[in-house]
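> Pasting upload06.cif below, which is mmCIF, C-alpha atoms.
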data_entry
#
loop_
_atom_site.label_atom_id
_atom_site.label_comp_id
_atom_site.auth_asym_id
_atom_site.auth_seq_id
_atom_site.Cartn_x
_atom_site.Cartn_y
_atom_site.Cartn_z
CA MET H 1 20.36 23.20 22.27
CA ASP H 2 19.38 19.53 22.35
CA ARG H 3 16.10 19.09 20.40
CA THR H 4 15.46 15.44 21.20
CA PRO H 5 11.88 14.78 22.30
CA GLU H 6 12.74 14.62 25.98
CA HIS H 7 14.37 18.05 25.81
CA ARG H 8 11.77 19.91 23.78
CA PRO H 9 9.84 22.36 25.93
CA ASP H 10 6.53 21.31 24.36
CA HIS H 11 7.11 17.56 24.75
CA GLN H 12 4.46 15.57 26.61
CA GLU H 13 5.48 12.45 28.42
CA SER H 14 4.76 9.42 26.26
CA THR H 15 3.83 7.42 29.35
CA ASP H 16 0.67 9.41 30.15
CA GLY H 17 -1.60 6.76 28.60
CA THR H 18 -2.89 8.99 25.80
CA PHE H 19 -2.04 6.47 23.09
CA ASP H 20 -2.44 3.24 25.05
CA ASP H 21 -5.66 2.22 23.30
CA LEU H 22 -4.06 2.67 19.89
CA LEU H 23 -0.92 0.77 20.86
CA ALA H 24 -3.08 -2.09 22.20
CA ASN H 25 -5.00 -2.14 18.92
CA ASN H 26 -1.71 -2.18 17.04
CA LYS H 27 -0.53 -5.25 18.96
CA LYS H 28 -3.69 -7.08 17.88
CA PHE H 29 -3.15 -5.91 14.32
CA ALA H 30 0.47 -7.07 14.34
CA GLU H 31 -0.56 -10.53 15.58
CA ARG H 32 -2.53 -11.12 12.37
CA PHE H 33 -0.31 -9.03 10.07
CA ASP H 34 0.73 -11.12 7.08
CA GLN H 35 2.12 -8.52 4.69
CA HIS H 36 5.80 -8.75 5.64
CA GLY H 37 8.28 -8.41 2.80
CA PHE H 38 5.96 -6.30 0.64
CA ASP H 39 7.85 -4.41 -2.06
CA GLY H 40 6.06 -1.06 -1.60
CA VAL H 41 5.11 -0.35 -5.22
CA ALA H 42 1.57 0.40 -6.36
CA HIS H 43 0.54 -2.97 -7.78
CA ALA H 44 -2.59 -1.59 -9.50
CA GLY H 45 -0.59 1.43 -10.70
CA VAL H 46 -2.90 3.78 -8.82
CA LEU H 47 -2.19 6.86 -6.72
CA MET H 48 -5.11 8.58 -4.99
CA ILE H 49 -5.14 12.12 -3.63
CA THR H 50 -8.13 12.55 -1.38
CA CYS H 51 -9.19 14.37 1.74
CA MET H 52 -8.11 13.51 5.26
CA ASP H 53 -11.79 13.04 6.17
CA SER H 54 -12.31 9.80 8.11
CA ARG H 55 -15.50 9.03 6.15
CA ILE H 56 -13.33 8.20 3.13
CA VAL H 57 -11.87 4.70 2.86
CA PRO H 58 -9.79 5.08 -0.31
CA LEU H 59 -8.84 1.53 -1.22
CA GLU H 60 -12.19 -0.02 -0.46
CA MET H 61 -14.21 2.62 -2.33
CA VAL H 62 -12.59 1.55 -5.62
CA GLY H 63 -12.25 -2.16 -4.90
CA LEU H 64 -8.53 -2.19 -4.18
CA THR H 65 -6.59 -3.71 -1.31
CA PHE H 66 -3.27 -3.61 0.52
CA GLY H 67 -0.41 -2.81 -1.85
CA ASP H 68 -2.54 -1.80 -4.82
CA ALA H 69 -2.29 1.99 -4.53
CA LYS H 70 -0.49 4.91 -3.00
CA ILE H 71 -2.70 7.19 -0.91
CA ILE H 72 -2.04 10.89 -0.31
CA ARG H 73 -4.40 12.74 2.01
CA THR H 74 -4.62 16.50 2.22
CA PRO H 75 -7.28 18.86 3.57
CA GLY H 76 -9.92 18.94 0.85
CA GLY H 77 -8.05 16.45 -1.35
CA ARG H 78 -6.04 19.29 -2.86
CA VAL H 79 -2.86 18.88 -4.89
CA THR H 80 -0.50 20.64 -2.49
CA THR H 81 3.25 20.97 -2.94
CA SER H 82 3.75 17.86 -0.83
CA ALA H 83 1.09 15.92 -2.75
CA LEU H 84 2.75 16.95 -6.01
CA ALA H 85 6.08 15.61 -4.72
CA GLY H 86 4.34 12.33 -3.85
CA CYS H 87 2.92 12.09 -7.37
CA ILE H 88 6.34 12.66 -8.92
CA ALA H 89 7.88 9.97 -6.72
CA GLY H 90 4.96 7.66 -7.46
CA VAL H 91 5.22 7.86 -11.24
CA HIS H 92 9.01 7.61 -11.31
CA LEU H 93 9.72 5.14 -8.51
CA LEU H 94 6.55 3.29 -7.45
CA GLN H 95 4.93 2.09 -10.70
CA VAL H 96 2.09 4.63 -10.63
CA ASN H 97 0.46 5.15 -14.02
CA ARG H 98 -3.00 6.39 -12.92
CA ILE H 99 -3.68 9.28 -10.56
CA MET H 100 -7.11 9.98 -9.07
CA VAL H 101 -7.82 13.36 -7.46
CA ILE H 102 -10.88 13.02 -5.21
CA PRO H 103 -12.56 15.80 -3.22
CA HIS H 104 -15.85 14.95 -1.49
CA SER H 105 -19.27 16.14 -0.40
CA ARG H 106 -19.80 17.92 2.91
CA CYS H 107 -16.10 18.82 3.13
CA ALA H 108 -15.09 21.51 5.64
CA MET H 109 -12.55 22.81 3.11
CA ALA H 110 -15.38 23.38 0.62
CA ALA H 111 -17.54 25.34 3.04
CA ALA H 112 -15.51 28.52 2.67
CA ASP H 113 -12.17 29.96 1.59
CA ASP H 114 -8.88 30.07 3.52
CA ASP H 115 -9.72 33.40 5.20
CA VAL H 116 -12.87 31.94 6.74
CA ILE H 117 -11.05 28.76 7.86
CA ILE H 118 -8.29 30.88 9.44
CA GLU H 119 -10.90 33.00 11.24
CA LYS H 120 -12.67 29.86 12.52
CA ILE H 121 -9.36 28.62 13.95
CA ARG H 122 -8.74 32.00 15.57
CA ASN H 123 -12.25 32.00 17.09
CA ALA H 124 -11.97 28.41 18.32
CA SER H 125 -8.51 28.63 19.85
CA GLY H 126 -7.10 32.13 19.64
CA ALA H 127 -4.30 30.77 17.46
CA ASP H 128 -3.02 32.69 14.44
CA ALA H 129 -3.04 30.40 11.42
CA SER H 130 -2.84 33.21 8.87
CA TRP H 131 0.43 31.83 7.52
CA VAL H 132 -1.18 28.47 6.57
CA ARG H 133 -2.52 27.87 3.07
CA PHE H 134 -5.32 25.29 3.29
CA GLY H 135 -6.49 25.53 -0.30
CA ALA H 136 -10.10 25.84 0.83
CA SER H 137 -12.62 26.71 -1.86
CA ALA H 138 -16.38 26.52 -2.12
CA ASP H 139 -16.03 25.90 -5.87
CA GLN H 140 -14.87 22.29 -5.74
CA ARG H 141 -15.38 21.64 -9.43
CA ARG H 142 -13.13 24.57 -10.41
CA THR H 143 -10.39 23.68 -7.91
CA LEU H 144 -10.53 20.01 -8.92
CA HIS H 145 -10.17 20.97 -12.57
CA ARG H 146 -7.17 23.20 -11.73
CA ASP H 147 -5.53 20.44 -9.67
CA VAL H 148 -6.06 17.83 -12.39
CA GLU H 149 -4.63 20.17 -15.04
CA LYS H 150 -1.65 20.92 -12.78
CA LEU H 151 -0.82 17.21 -12.75
CA ARG H 152 -1.63 16.58 -16.43
CA ASN H 153 0.62 19.45 -17.51
CA HIS H 154 3.47 18.81 -15.10
CA PRO H 155 6.65 17.88 -17.01
CA LEU H 156 7.48 15.06 -14.57
CA ILE H 157 3.98 13.56 -14.53
CA GLY H 158 1.92 14.36 -17.64
CA ASP H 159 3.46 11.86 -20.03
CA ARG H 160 3.83 9.12 -17.41
CA ALA H 161 0.36 8.87 -15.86
CA VAL H 162 -3.29 9.32 -16.76
CA VAL H 163 -4.89 11.81 -14.34
CA GLY H 164 -8.58 11.82 -13.50
CA GLY H 165 -10.73 14.06 -11.34
CA PHE H 166 -13.53 12.51 -9.32
CA TYR H 167 -16.06 13.56 -6.68
CA TYR H 168 -16.93 11.27 -3.76
CA ASP H 169 -20.32 11.45 -2.06
CA VAL H 170 -19.83 10.58 1.63
CA ASP H 171 -23.53 9.81 2.01
CA THR H 172 -23.90 7.34 -0.87
CA GLY H 173 -20.34 6.03 -1.31
CA LEU H 174 -20.45 6.81 -5.04
CA LEU H 175 -17.71 8.35 -7.13
CA GLU H 176 -18.54 10.58 -10.08
CA ARG H 177 -16.05 11.57 -12.79
CA TRP H 178 -15.71 15.36 -12.73
CA ASP H 179 -13.00 16.16 -15.26
#
Taking this structure as input, can you express it in the form of structure tokens?

Amino acid sequence: MDRTPEHRPDHQESTDGTFDDLLANNKKFAERFDQHGFDGVAHAGVLMITCMDSRIVPLEMVGLTFGDAKIIRTPGGRVTTSALAGCIAGVHLLQVNRIMVIPHSRCAMAAADDDVIIEKIRNASGADASWVRFGASADQRRTLHRDVEKLRNHPLIGDRAVVGGFYYDVDTGLLERWD
């Protein structure tokens, strides 16, 4: 069966206007875009794993700018399998030598554990998300410590990058070292 977008049963027409505002914004962005030819490495040697929360502006919160760091966002800022793969690629291919793991205050993934998150999804939509591992935990300090140790002790990362655990307060903008 052909699985191209126009033949997928769940495909929505891309001409419905849903993304028009974002595409218009992108055109304005592209008009002033001056970063062509960038090499794609982390010029400050930094990789940040933080939450997908829109209150977090990773580069700006540590005084970095375009091209300085690699950013990986996961629910709760957890070191998932995919985030781990990004760290390995970063330290071996993208000049990363410092990794920051950064959960934050008032995080939905810190309000409960996976079972509660899965139940909330079921109650909100009727969907079964029981097969998803979110990594939710109310004990952010413990999970941050575990994630930092996972990276520090990983054979493809530990001797190539310094790993630090930090906590970001979304109400003050301050980072605190938590490892």
> Could you spell out the hits of the PyMOL selection byres ((chain H and resi 150-165) around 8) on the shown file, as a list in words?
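Output of the PyMOL selection byres ((chain H and resi 150-165) around 8): Leu84, Cys87, Ile88, Val91, Val96, Asn97, Arg98, Ile99, Met100, Val101, Ile102, Leu144, His145, Arg146, Asp147, Val148, Glu149, Phe166, Tyr167, Arg177, Trp178 and Asp179 of chain H.
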> Quick one: which residues end up in the PyMOL selection byres ((chain H and resi 111) around 12) for this structure, as a ChimeraX atom specification?
/H:76,104-110,112-117,120,135-140
> Mind writing the picked residues with C-alpha atoms as a CSV table (one decimal), in the frame of the given file?

chain,number,residue,atom,x,y,z
H,76,GLY,CA,-9.9,18.9,0.8
H,104,HIS,CA,-15.8,15.0,-1.5
H,105,SER,CA,-19.3,16.1,-0.4
H,106,ARG,CA,-19.8,17.9,2.9
H,107,CYS,CA,-16.1,18.8,3.1
H,108,ALA,CA,-15.1,21.5,5.6
H,109,MET,CA,-12.6,22.8,3.1
H,110,ALA,CA,-15.4,23.4,0.6
H,112,ALA,CA,-15.5,28.5,2.7
H,113,ASP,CA,-12.2,30.0,1.6
H,114,ASP,CA,-8.9,30.1,3.5
H,115,ASP,CA,-9.7,33.4,5.2
H,116,VAL,CA,-12.9,31.9,6.7
H,117,ILE,CA,-11.0,28.8,7.9
H,120,LYS,CA,-12.7,29.9,12.5
H,135,GLY,CA,-6.5,25.5,-0.3
H,136,ALA,CA,-10.1,25.8,0.8
H,137,SER,CA,-12.6,26.7,-1.9
H,138,ALA,CA,-16.4,26.5,-2.1
H,139,ASP,CA,-16.0,25.9,-5.9
H,140,GLN,CA,-14.9,22.3,-5.7
> Please, what distance in Å, to one decimal, runs between CA of Ala24 in chain H and CA of Cys51 in chain H?
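So the two atoms, CA of Ala24 in chain H and CA of Cys51 in chain H, lie 27.0 Å apart.
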> What's the separation between CA of Thr74 in chain H and CA of Met48 in chain H, in Å to one decimal place?
10.7 Å
> Got a sec to resolve the PyMOL selection byres ((chain H and resi 58) around 12) on this structure and send the residues as number ranges by chain?
H: 46-57, 59-66, 68-73, 77, 100-104, 168, 170, 173-175
> Find the distance between CA of Asn25 in chain H and CA of Ala83 in chain H and write it in Å to one decimal.
28.9 Å
